[in-house]
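Novice: Structure file input_18.cif, mmCIF, C-alpha atoms, is pasted below:
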```
data_target
#
loop_
_atom_site.label_atom_id
_atom_site.label_comp_id
_atom_site.auth_asym_id
_atom_site.auth_seq_id
_atom_site.Cartn_x
_atom_site.Cartn_y
_atom_site.Cartn_z
CA MET C 22 124.73 97.75 18.07
CA ALA C 23 127.27 96.90 20.73
CA MET C 24 128.11 99.36 23.50
CA ASP C 25 131.71 99.95 24.49
CA SER C 26 130.96 100.77 28.12
CA PHE C 27 128.38 102.16 30.53
CA ALA C 28 130.69 104.93 31.73
CA GLY C 29 129.20 108.40 31.65
CA LYS C 30 125.67 107.15 31.00
CA LEU C 31 122.45 107.45 33.02
CA ALA C 32 120.47 104.27 33.69
CA VAL C 33 117.06 103.62 35.23
CA VAL C 34 116.46 100.38 37.16
CA THR C 35 113.13 99.23 38.60
CA GLY C 36 112.94 96.75 41.45
CA GLY C 37 116.29 98.02 42.71
CA GLY C 38 115.75 97.23 46.39
CA SER C 39 117.00 93.65 46.17
CA GLY C 40 117.97 90.79 43.88
CA MET C 41 118.87 91.45 40.27
CA GLY C 42 117.74 95.08 40.50
CA ARG C 43 120.13 95.74 43.37
CA GLU C 44 122.98 94.03 41.55
CA LEU C 45 122.28 95.87 38.29
CA THR C 46 122.36 99.15 40.22
CA ARG C 47 125.62 98.24 41.98
CA GLN C 48 127.41 96.95 38.90
CA LEU C 49 126.31 99.83 36.69
CA ALA C 50 127.51 102.36 39.28
CA ALA C 51 130.82 100.52 39.70
CA GLN C 52 131.30 100.80 35.92
CA GLY C 53 130.87 104.57 35.96
CA CYS C 54 127.16 104.79 35.16
CA SER C 55 124.85 107.05 37.16
CA VAL C 56 121.63 105.31 38.19
CA GLY C 57 118.12 106.26 39.20
CA SER C 58 116.66 103.15 40.85
CA CYS C 59 113.24 102.52 42.36
CA ASP C 60 111.52 99.94 44.53
CA LEU C 61 108.23 99.41 46.35
CA ASN C 62 110.21 99.25 49.61
CA PRO C 63 112.04 102.55 50.32
CA GLU C 64 114.15 101.01 53.11
CA THR C 65 115.75 98.33 50.95
CA MET C 66 116.09 100.87 48.15
CA ALA C 67 118.13 103.10 50.47
CA GLU C 68 120.35 100.13 51.30
CA THR C 69 121.01 99.58 47.60
CA VAL C 70 121.98 103.21 47.08
CA ALA C 71 124.44 103.07 49.98
CA LEU C 72 126.01 99.85 48.67
CA ALA C 73 126.27 101.19 45.13
CA LEU C 74 127.91 104.45 46.18
CA VAL C 75 130.64 102.58 48.05
CA GLU C 76 131.76 100.96 44.79
CA ALA C 77 131.10 103.88 42.44
CA PRO C 78 133.93 106.07 41.16
CA PRO C 79 133.90 109.80 42.05
CA GLY C 80 131.24 111.87 40.34
CA ILE C 81 128.75 109.01 39.87
CA ARG C 82 125.30 109.74 41.20
CA VAL C 83 122.97 107.00 42.44
CA THR C 84 119.47 107.94 43.57
CA GLY C 85 116.77 105.79 45.16
CA HIS C 86 113.05 106.32 44.70
CA ALA C 87 109.85 104.77 46.07
CA CYS C 88 107.61 103.57 43.26
CA ASP C 89 104.90 100.98 42.65
CA VAL C 90 105.39 100.31 38.95
CA ALA C 91 101.82 99.03 38.66
CA ASP C 92 100.64 102.63 39.17
CA GLU C 93 101.30 104.85 36.14
CA VAL C 94 101.09 108.02 38.21
CA GLN C 95 103.92 106.78 40.42
CA VAL C 96 105.98 105.74 37.38
CA LEU C 97 105.64 109.23 35.91
CA ARG C 98 106.63 110.75 39.23
CA PHE C 99 109.66 108.45 39.36
CA ARG C 100 110.65 109.57 35.86
CA ASP C 101 110.39 113.24 36.80
CA GLU C 102 112.37 112.71 40.02
CA VAL C 103 115.19 110.98 38.12
CA LEU C 104 115.44 113.80 35.58
CA ALA C 105 115.43 116.44 38.33
CA GLU C 106 117.92 114.73 40.65
CA HIS C 107 120.31 113.88 37.83
CA ALA C 108 119.83 117.24 36.07
CA SER C 109 119.26 115.44 32.77
CA ASP C 110 116.92 115.72 29.80
CA HIS C 111 117.42 112.08 28.73
CA VAL C 112 118.28 108.60 29.97
CA ASP C 113 120.52 106.09 28.22
CA LEU C 114 119.35 102.76 29.61
CA VAL C 115 116.14 101.51 31.20
CA PHE C 116 116.05 98.15 32.99
CA SER C 117 112.40 97.21 33.66
CA ASN C 118 113.27 94.57 36.21
CA ALA C 119 110.61 94.85 38.96
CA GLY C 120 108.48 91.75 39.42
CA ALA C 121 106.43 89.72 41.87
CA GLY C 122 105.12 86.17 42.07
CA GLY C 123 101.64 84.94 42.93
CA GLY C 124 98.28 84.54 41.27
CA ALA C 125 99.07 80.91 40.60
CA SER C 126 95.57 79.73 39.65
CA PHE C 127 93.15 81.55 37.36
CA ALA C 128 90.52 78.83 37.91
CA ALA C 129 90.62 78.60 41.69
CA GLY C 130 92.63 81.58 42.94
CA ASP C 131 91.75 85.03 44.18
CA ARG C 132 90.97 87.48 41.37
CA ASP C 133 92.36 90.54 43.15
CA GLU C 134 95.69 88.80 43.78
CA TRP C 135 95.84 87.56 40.17
CA GLU C 136 95.28 91.05 38.77
CA ARG C 137 97.73 92.62 41.21
CA ILE C 138 100.56 90.29 40.11
CA PHE C 139 99.69 90.78 36.45
CA ALA C 140 99.71 94.55 36.95
CA ILE C 141 103.19 94.56 38.51
CA ASP C 142 104.71 92.16 36.01
CA TRP C 143 103.10 93.46 32.81
CA TRP C 144 101.69 96.95 33.31
CA GLY C 145 104.85 97.96 35.18
CA VAL C 146 106.92 97.16 32.08
CA TYR C 147 104.40 98.88 29.80
CA TYR C 148 104.17 102.05 31.93
CA CYS C 149 107.96 102.33 32.13
CA ALA C 150 108.27 101.94 28.36
CA ARG C 151 105.67 104.67 27.84
CA ALA C 152 107.30 106.99 30.37
CA PHE C 153 110.94 106.55 29.37
CA LEU C 154 110.93 105.84 25.63
CA PRO C 155 110.97 109.55 24.65
CA LEU C 156 113.97 110.00 26.96
CA LEU C 157 115.76 107.02 25.42
CA ILE C 158 115.13 108.50 21.99
CA ALA C 159 116.57 111.79 23.23
CA SER C 160 119.72 109.92 24.28
CA GLY C 161 120.46 109.10 20.65
CA ASP C 162 121.78 105.67 21.70
CA GLY C 163 119.21 104.29 24.15
CA VAL C 164 118.61 100.73 25.30
CA LEU C 165 115.35 99.40 26.78
CA VAL C 166 115.85 96.13 28.68
CA ASN C 167 112.70 94.28 29.75
CA THR C 168 112.86 91.35 32.16
CA SER C 169 110.63 88.45 31.19
CA SER C 170 111.30 84.97 32.61
CA VAL C 171 111.70 81.32 31.77
CA ASN C 172 107.94 81.46 32.40
CA GLY C 173 107.74 83.68 29.36
CA LEU C 174 108.89 80.61 27.43
CA TRP C 175 107.02 77.91 29.35
CA ALA C 176 103.88 78.72 31.36
CA SER C 177 104.20 76.24 34.21
CA LEU C 178 106.34 75.22 37.14
CA GLY C 179 105.63 71.55 36.54
CA PRO C 180 103.01 69.02 37.68
CA GLY C 181 100.43 70.44 40.07
CA MET C 182 102.02 73.90 40.04
CA PRO C 183 100.12 76.32 37.81
CA GLN C 184 101.71 79.73 37.36
CA THR C 185 99.10 81.70 35.46
CA ALA C 186 99.30 85.39 36.40
CA TYR C 187 103.09 85.50 36.38
CA SER C 188 103.41 83.45 33.18
CA THR C 189 100.75 85.45 31.36
CA ALA C 190 102.52 88.68 32.23
CA LYS C 191 105.96 87.35 31.32
CA PHE C 192 104.71 86.07 27.96
CA ALA C 193 103.31 89.56 27.38
CA VAL C 194 106.66 91.15 28.26
CA ARG C 195 108.48 88.86 25.87
CA GLY C 196 105.99 89.45 23.04
CA PHE C 197 105.98 93.20 23.59
CA THR C 198 109.76 93.34 23.53
CA GLU C 199 110.04 91.27 20.37
CA ALA C 200 107.35 93.40 18.71
CA LEU C 201 109.35 96.51 19.56
CA ILE C 202 112.37 95.29 17.60
CA GLU C 203 110.89 96.22 14.23
CA ASP C 204 108.85 99.10 15.63
CA LEU C 205 111.94 100.82 17.01
CA ARG C 206 114.04 99.92 13.97
CA THR C 207 111.41 101.64 11.82
CA ASN C 208 110.23 104.51 14.01
CA ALA C 209 112.92 105.14 16.63
CA PRO C 210 116.26 103.77 15.39
CA GLN C 211 118.02 105.66 18.18
CA VAL C 212 116.79 102.94 20.60
CA ARG C 213 117.30 99.20 20.71
CA VAL C 214 115.50 96.71 22.92
CA ALA C 215 116.45 93.51 24.72
CA VAL C 216 114.45 90.87 26.58
CA VAL C 217 115.92 89.05 29.59
CA LEU C 218 114.79 85.46 30.22
CA PRO C 219 116.10 84.30 33.61
CA GLY C 220 115.68 80.84 35.04
CA HIS C 221 116.06 80.25 38.78
CA VAL C 222 118.09 83.16 40.12
CA GLY C 223 118.74 83.59 43.84
CA THR C 224 116.64 86.62 44.72
CA ASN C 225 114.13 87.62 47.38
CA ILE C 226 111.23 87.56 44.90
CA VAL C 227 109.37 84.92 46.95
CA ALA C 228 109.61 86.93 50.18
CA ASN C 229 109.02 90.26 48.45
CA SER C 230 105.92 88.95 46.74
CA PHE C 231 104.03 88.77 50.05
CA PRO C 232 103.94 92.54 50.71
CA ALA C 233 103.46 93.18 46.98
CA ARG C 234 100.23 91.18 47.25
CA GLY C 235 99.16 93.04 50.40
CA LEU C 236 100.03 90.13 52.69
CA PRO C 237 102.15 90.02 55.86
CA GLU C 238 105.47 88.21 55.98
CA PRO C 239 105.01 84.43 55.76
CA GLU C 240 105.69 83.86 59.45
CA ARG C 241 102.84 86.27 60.27
CA LEU C 242 100.19 84.82 57.97
CA SER C 243 96.98 83.69 59.62
CA ASP C 244 95.94 80.04 59.50
CA ALA C 245 93.28 80.94 56.95
CA GLN C 246 95.76 82.82 54.74
CA VAL C 247 98.35 80.08 54.80
CA SER C 248 95.74 77.41 54.11
CA GLU C 249 94.55 79.35 51.08
CA MET C 250 98.11 79.76 49.88
CA ILE C 251 98.85 76.02 50.23
CA PRO C 252 95.55 74.34 49.31
CA ALA C 253 94.69 70.79 50.28
CA GLY C 254 95.91 69.19 47.04
CA MET C 255 99.32 70.82 47.35
CA ARG C 256 99.53 69.92 51.04
CA ASP C 257 98.83 66.27 50.22
CA ALA C 258 101.64 66.27 47.64
CA LEU C 259 104.04 67.86 50.13
CA VAL C 260 103.08 65.30 52.77
CA GLN C 261 103.64 62.44 50.30
CA GLY C 262 107.03 63.90 49.46
CA GLY C 263 107.98 64.01 53.14
CA ILE C 264 108.23 67.80 53.11
CA LEU C 265 105.27 68.34 55.44
CA PRO C 266 104.16 66.09 58.32
CA GLU C 267 100.80 64.31 58.33
CA GLY C 268 98.08 66.63 59.64
CA ALA C 269 100.26 69.70 59.06
CA THR C 270 99.26 72.63 61.26
CA GLY C 271 99.26 76.32 60.44
CA ASP C 272 102.66 76.61 62.12
CA ASP C 273 104.01 73.80 59.92
CA LEU C 274 102.76 75.59 56.81
CA ARG C 275 104.26 78.91 57.91
CA ARG C 276 107.63 77.26 58.56
CA PHE C 277 107.47 75.66 55.12
CA LEU C 278 106.85 79.02 53.42
CA VAL C 279 109.69 80.70 55.31
CA GLN C 280 112.09 77.87 54.42
CA ALA C 281 110.94 77.81 50.78
CA SER C 282 111.59 81.53 50.48
CA THR C 283 115.07 81.19 51.99
CA ASP C 284 115.94 78.16 49.86
CA PHE C 285 114.80 79.90 46.67
CA ARG C 286 117.33 82.65 47.36
CA ASP C 287 120.20 80.70 48.89
CA LYS C 288 120.11 77.43 46.90
CA ALA C 289 119.66 78.87 43.43
CA PRO C 290 122.09 77.78 40.70
CA VAL C 291 122.72 81.42 39.72
CA THR C 292 123.22 84.31 42.13
CA ALA C 293 121.67 87.72 41.59
CA ALA C 294 125.15 89.16 41.06
CA GLN C 295 125.97 86.56 38.41
CA ALA C 296 122.65 87.22 36.67
CA ALA C 297 123.26 90.96 36.59
CA THR C 298 126.68 90.38 35.04
CA VAL C 299 125.16 88.18 32.31
CA ILE C 300 122.53 90.85 31.60
CA LEU C 301 125.03 93.70 31.40
CA ASP C 302 127.40 91.64 29.25
CA GLY C 303 124.51 90.91 26.90
CA VAL C 304 123.46 94.55 26.68
CA ARG C 305 127.04 95.65 26.06
CA ALA C 306 127.38 93.01 23.30
CA GLY C 307 124.21 94.18 21.58
CA SER C 308 122.17 91.01 22.22
CA TRP C 309 118.39 91.32 21.97
CA ARG C 310 117.68 88.01 23.75
CA ILE C 311 119.50 87.29 27.00
CA LEU C 312 119.00 83.88 28.63
CA VAL C 313 120.21 83.59 32.23
CA GLY C 314 121.07 80.17 33.64
CA ASP C 315 121.44 76.64 32.35
CA ASP C 316 117.81 75.89 33.31
CA ALA C 317 116.56 78.72 31.10
CA ARG C 318 118.68 77.49 28.21
CA MET C 319 117.49 73.92 28.72
CA ILE C 320 113.80 74.83 28.81
CA ASP C 321 114.18 77.18 25.84
CA ALA C 322 115.80 74.41 23.81
CA ALA C 323 113.27 71.76 24.91
CA VAL C 324 110.18 73.84 24.13
CA ARG C 325 111.57 74.91 20.77
CA ALA C 326 112.47 71.33 19.85
CA LYS C 327 109.17 69.77 21.01
CA PRO C 328 106.51 72.49 21.24
CA ASP C 329 103.63 70.01 21.19
CA ALA C 330 105.10 68.29 24.25
CA ALA C 331 105.62 71.50 26.23
CA TYR C 332 103.10 70.44 28.89
CA ASP C 333 103.70 66.69 28.68
CA TYR C 334 106.46 66.92 31.25
CA THR C 335 107.89 63.42 30.89
CA GLU C 336 108.19 63.82 27.13
CA LEU C 337 109.45 67.40 27.29
CA PHE C 338 112.34 66.60 29.60
CA ALA C 339 113.16 63.13 28.26
CA GLY C 340 116.90 62.87 27.75
CA LEU C 341 117.56 66.33 29.21
CA ILE C 342 117.90 65.28 32.84
CA PRO C 343 120.86 62.96 33.62
CA ASP C 344 120.10 59.37 34.61
CA GLY C 345 119.29 59.22 38.29
CA GLY C 346 118.08 62.82 38.38
CA ASP C 347 114.62 63.87 39.46
CA GLN C 348 112.42 64.04 36.38
CA PRO C 349 108.95 65.58 36.29
CA SER C 350 106.18 63.05 35.72
#
```
Let me see the structure of the file written as C-alpha cells.

Specialist:
Amino acid sequence: MAMDSFAGKLAVVTGGGSGMGRELTRQLAAQGCSVGSCDLNPETMAETVALALVEAPPGIRVTGHACDVADEVQVLRFRDEVLAEHASDHVDLVFSNAGAGGGASFAAGDRDEWERIFAIDWWGVYYCARAFLPLLIASGDGVLVNTSSVNGLWASLGPGMPQTAYSTAKFAVRGFTEALIEDLRTNAPQVRVAVVLPGHVGTNIVANSFPARGLPEPERLSDAQVSEMIPAGMRDALVQGGILPEGATGDDLRRFLVQASTDFRDKAPVTAAQAATVILDGVRAGSWRILVGDDARMIDAAVRAKPDAAYDYTELFAGLIPDGGDQPS
C-alpha cells in the first residue's frame, strides 16, 4: 500500500517541538501536506510552526498545539483543535512520535518518575491511536505511524545502564503496532500501520526529558537531585573511565549532564532531519517496519541471530564491532 505523495493530505505529529517531530512537521509541510503538530512545550512548538511555514507551498496550513500526550483529556482536546483549525472531518496520517527518557531502574529508581516516563512513551501512543483511529478510517487511506525505539528490540543500554521504563514502553509500542497489522487488515482495511525503530538520532530528547519528568534543566539541578540521577556506582564507572574527576562535586555532575545532553544531539550518527526523511520514505513506500540508523539495524540483526545472548554483551556483539573498536564487556 504505497503512497504516491503527501500532497493535499492532513497529518498529525506529536512531539513536534524539536527533534524528529520538528523535522517530520517541516518535511511534510514542504511536500504539500498540512500538519497539526503538538508538544509539551508551546514555545518550541511555535518555533516549529514558523520554520515549517517558511518552506511550505501556498495554501498549506501548519498549526501548533500544547499537549501532554500522557493525559487523554489533552489528547482529545488536541484532536478537536486540529479538526477545527483545519476545517476537516478526517486526518490522513498520524505520527505518534512524542517521547521522553528516564525511569532507568525499576529496582532502585523513583516510582513516580518511572510511571511518568512509561505514561508518555506508551499511554501517549495508545491515547493518540484511540483518539485518531476513527479519523484515519474516515480518510479512506489512513496511516498510523508509531515510534518505538531500538530499545523496543533490546531492553538495555549496555553494562551498568538499565533502561527499564523507556524500554518497557517501547516494547509495548512495537507489540501494539504489530498486533494492529492484522486487526486493521480485518476490521479497518482503510488504515495501515507502521512502527519506527530508531537507533541513536541527534535530538533534544535528553534535555527535554528533564522538564517532562518535572525536573529543572540539568544546570539547575540541586546536589541531591544530581546525585540521585548519577548514583554512586555510575559515578565510580565514570571516574574510572576518566569522564569524571575523583571526588566529583555537584558542579562536576551538572557539567557532565549538560555535556552528555549536547553530545547526544550533536554527535549522533543520524540527524533528526535524516531520520525524518527515512521515516517518510518508508511510509511512502508502504513499509510497516522502519529501522533508522546503522546501529538499529546492527542490534536488530544481532538480537534476531542470537536471542539467548541478547544480554551477554560480549557474545551479542562479537564480530559486529570492527577490530580496535570499543566493545561492551

Novice: Need the shell around Glu199 of chain C: protein/DNA/RNA residues with any atom at most 10 Å away, counting all atoms listed in the file. Skip same-chain ones fewer than 4 positions apart. Format as a VMD selection string?

Specialist: chain C and resid 193 to 195 203 to 204 214 to 216 309 to 310

Novice: So, with all atoms listed in the file as the atoms that count, which of C:Ala73, C:Leu218, C:Ala91, C:Ala32 lies closest to Ala50 of chain C?

Specialist: C:Ala73

Novice: Would you please work out which residue, of C:Val217, C:Leu45, C:Ala121, C:Ala245, is nearest to Gln184 of chain C when using all atoms listed in the file?

Specialist: C:Ala121

Novice: Hey, which of C:Phe27, C:Phe231, C:Phe285, C:Trp175 ends up closest to Ala331 of chain C? Count only C-alpha atoms.

Specialist: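 Using only C-alpha atoms, the shortest distance to Ala331 of chain C belongs to C:Trp175.
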
Novice: Rounded to one decimal in Å, what is the spacing between atom CA of Pro210 of chain C and atom CA of Tyr148 of chain C?

Specialist: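 Atom-to-atom, atom CA of Pro210 of chain C to atom CA of Tyr148 of chain C, that is 20.6 Å.
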
Novice: Please, which residues are within 9 Å of (104.0, 78.0, 56.0) by the file's coordinates, counting only C-alpha atoms, and could they come as an MDAnalysis selection string?

Specialist: chainID C and resid 239:240 242 247:248 250:251 270:281

Novice: What separation in Å, quoted to one decimal, exists between atom CA of Phe116 of chain C and atom CA of Ala322 of chain C?

Specialist: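 It comes out at 25.5 Å.
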